[in-house]
Amino acid sequence: MSLPTTLQVENICKIFGRVAAVDHLSCEVRRGELLGIIGPNGSGKTTLVNLISGYVKPTSGRILYNGQDITRIAPHKIVCMGISRTFQMVRPFYQLPAYKNMIIPLYSPRIRQLAGGKYGDRNAVALDLLEEVGFERDAHVAYKPAGTLPQGYLKRLELAKAIALSPDLLILDELFSGLSLAEVASIVPVIEKLRLAGKTIIMIEHRLKELFRIADRIMVLNYGQKIAEGASAEVMESEEVKKAYLGSEE
Amino acid sequence: MFAGTLIFALINSFILILLAIGFNLTFGISGVANFAYGALYIMSAYMSWTLLNLLHLPFWASAAISIVFTMIAGAVMYRFVLLRVRGQALSEVIATFGIGLSILELFRYMGLVGFEYTLPVFWNESFMIAGVYVDIQRIAVVVIGLMLVVGLWLFTHFTSTGLAFRGIAQDERTALTFGIDSDRMATLSVSFGAGLAAIAATIIIPLGSIAPNEGYDVLIKALAICIIGGLGSTGGVIVAGFIIGFAERFTDTYIGSHWTMIVSLAAILLVLAIKPSGLFGHQKELEERI
Amino acid sequence: MKKRRERIDRGIKARSEDVYALSSWREMLYLAGPRLLPAAAFLLLPLFLGVYWQKVMISVAVFALLAISWNMLAQTGMISLGQALFFGMGAYVSGILNFYLGIPPWLTIPAATVLGGTLCTLILMPVLRLRGIYFSMVTLIIPLMLVRIIEATKIFGGTEGLSGMTPLPSGLTEVYLVTGVFLGVLFGLRRLMETDYGLVLKGIRDNDRSVTNAGIDIFWFKTQALFIASTIGAFAGAFMTHVYMFVGMPVFALDYSILPIAAAVVGGSGTLAGAALGAVMLVPLSEALRGIGGLRIVMYGLFLVVFIVAIPEGLFDYIQRKYHQMERWVEIDQ
């Protein structure tokens, strides 16, 4: 555990109206780690992601990324610092072909900076990236309008868009939800490959079995608070976690 | 002079509130920006005038008929035009704008302009308050304005339709799951907004005259108040109405009448620069849609 | 027996999308014709037209520029109800530069184009942070308020306006200057909207969250689009000041807001060429109907409603479809 901390969340609070969606939460993610966040519906997981990615500003507390305070920074700037995320509800540009959806992330200042001004053919890069997440090139799926693609491909497109930004920290918000077992099985290797490439990943999931197989560490949220943290097996043994999940699932 | 300015500023504020409240109600509930609002205001006034002068109906009857008719016109506009383009901001804006434009320009073409086109005052008397003469019509503006604001508050807090309105305004999808018909509510909201425009016309027109240009004026004023107060917020309309109402009167008295429009424009630009969503606005950049 | 309409691309369209396009004159013409013909018409017609119709052409080009500017904003998700703001700002800036400082037109027009565009951008910038109809509301009321302010404070000539601007050298210079800029802007912007930059702008309209999430500052990109659009509008205004040799309150009038929107909607609100087509159709129509006076604006209003509800994609899309595809009725297998 000597790896440097990538993300440090300090005592963060977000209150919507009278409800504390995230309630004095602290946690940290180390470089190269895969942290899984689980919890019942409404436990504040997505709000936490929105806080980290800057879409929602916290009521109190702060977030440090590589030691730098990013609490009040605009979402697009956070992306350019190397944190990219996926959304639970995918909303691609329906009329555009799938690969054209990839152009916008490839146009971002971060990528232009990394590529050193000249980028070359974005279309070719887009097709390569889509192939990586499982758009079979021979079947020409990438050329079809995004609106005609099934959910499995849309989720993969969402993942590809996040990867296209070449992030250091990748946040996946319920990437597996709405996918069949086979589809999940085909995405898992993509995530494992990203880990081998040294990316730090935070995953929010309801599909516990798949998550436990790949996560290094699990954090459990309930009512906006952290109720358990640790390796997958021991977390599920915790009394509080059992109570939170009792009757709901697993 | 100061007391008089104060009284007229108060009256001016209530005029502005009356003008803006209908537009704001419709937008607050269904998200429809009714750019035909000024046209509905003028249409209702012409209708009252026609009933009164050509059919010789009593004033209260012609006012009531035109208010009801304007409400029906609003509902019809929603049902037959807006419903088809619901949710597409571009089409909604252009459709209502086109309707308003056609109505107003048609009136202009028909040449319905002149001092004879006005509605009668309720009572032709005036009072002496704090050293200035104030006619009863202007007092009626304040009284009816107050009654409408309170009535609207009671309506949205204690009647089932009003509660459904607030439900739709807060979260359309959740409201749908409770069995609230959002199309019906949106129709009603446009209709009520139109009705409020008609009521405003009945009270305010007697102070001036009916003219197509007045329709654009009403729209400008309603939009200005809503931009400053924050779209969809009734509290915002009231506060913005008072700010602009007082600012206009005081600049008129102490600086010069041609400065009033500059004050309004400056207020808009200032609010936009400091808090773009308006004083009480909830329109945020992204937060609400995640 | 149920039937449905089937649309099939013409063979020539499929061929000309490929390298074959360069192998035959027919295919090349098929591709270039729709672009070259109108351009050639615009460039040659002034030579044969009388003074009156030259003026109509100027009007067409000016309204086409305003419609293109409107469309550019609409494609980025901003619905302007006040093109008159851009037009009037350009007109007044060039008028003031010429009237008070005596600067010649070949300097005032470019200066007013840039300065007018910058002023409009600065005024509207704060609204860009908000989504939805705020932009429409603000663009609608600002020109109308500016008129009142000029009227009340009597600045820049007040209700009388400023007159006696330096005219452009000749009628033909006027026509060619404005049609040249119009064609340049039309084809240039079409090109721009097809690039990756244009894709980002259109992305902001469809789904701003997705664009933000790609690390792109939507506010900054919207500002750029607004600047491009308002500069185009300001040019039209600056140019007209020198054609009329006058600038006054009418430049902020609703006409300059409504006709461009009507043109863009009738022609097709999704494409820049549609906006131009709309102007080419509506402006001469409007000239022909001069006799009915105010009823014309009623007609534009009704056009807006009918087209936006019934034919939202506009005429250009329809023509394009007929050009590229054939239709036939086929039976539906039950």
# chains A, B, ... in the order shown; residues from 1 in each chain; ligands from 1

call {"tool": "interface_residues", "arguments": {"of": "chain C", "to": "chain A", "cutoff": "6 Å", "atoms": "only C-alpha atoms", "output": "list in words"}}
result
Val200, Thr212, Ala214, Gly215, Ile216 and Asp217 of chain C

call {"tool": "residues_around", "arguments": {"residues": "region 95-108 of chain B", "least_positions_apart": "5", "cutoff": "8 Å", "atoms": "only C-alpha atoms", "output": "PyMOL selection string"}}
result
(chain B and resi 33-40+42-43+81-82+113+211-213+215) or (chain C and resi 294-295+297-305+308-309)

call {"tool": "atom_distance", "arguments": {"atom1": "CA of Ile274 (chain B)", "atom2": "CA of Val93 (chain B)"}}
result
25.8 Å

call {"tool": "interface_residues", "arguments": {"of": "chain A", "to": "chain B", "cutoff": "10 Å", "atoms": "only C-alpha atoms", "output": "PyMOL selection string"}}
result
chain A and resi 46-47+50+54-57+75+87-89

call {"tool": "closest_residue", "arguments": {"among": "B:Ser277, B:Ser209, B:Ser233, B:Thr50", "to": "chain C", "atoms": "only C-alpha atoms"}}
result
B:Ser277

call {"tool": "closest_residue", "arguments": {"among": "B:Ile11, B:Ile243, B:Met261, B:Leu16", "to": "Ala197 (chain B)", "atoms": "only C-alpha atoms"}}
result
B:Leu16

call {"tool": "select_by_dssp", "arguments": {"residues": "region 117-193 of chain B", "states": "strand (DSSP E or B)", "output": "PyMOL selection string"}}
result
chain B and resi 126-129+132-135
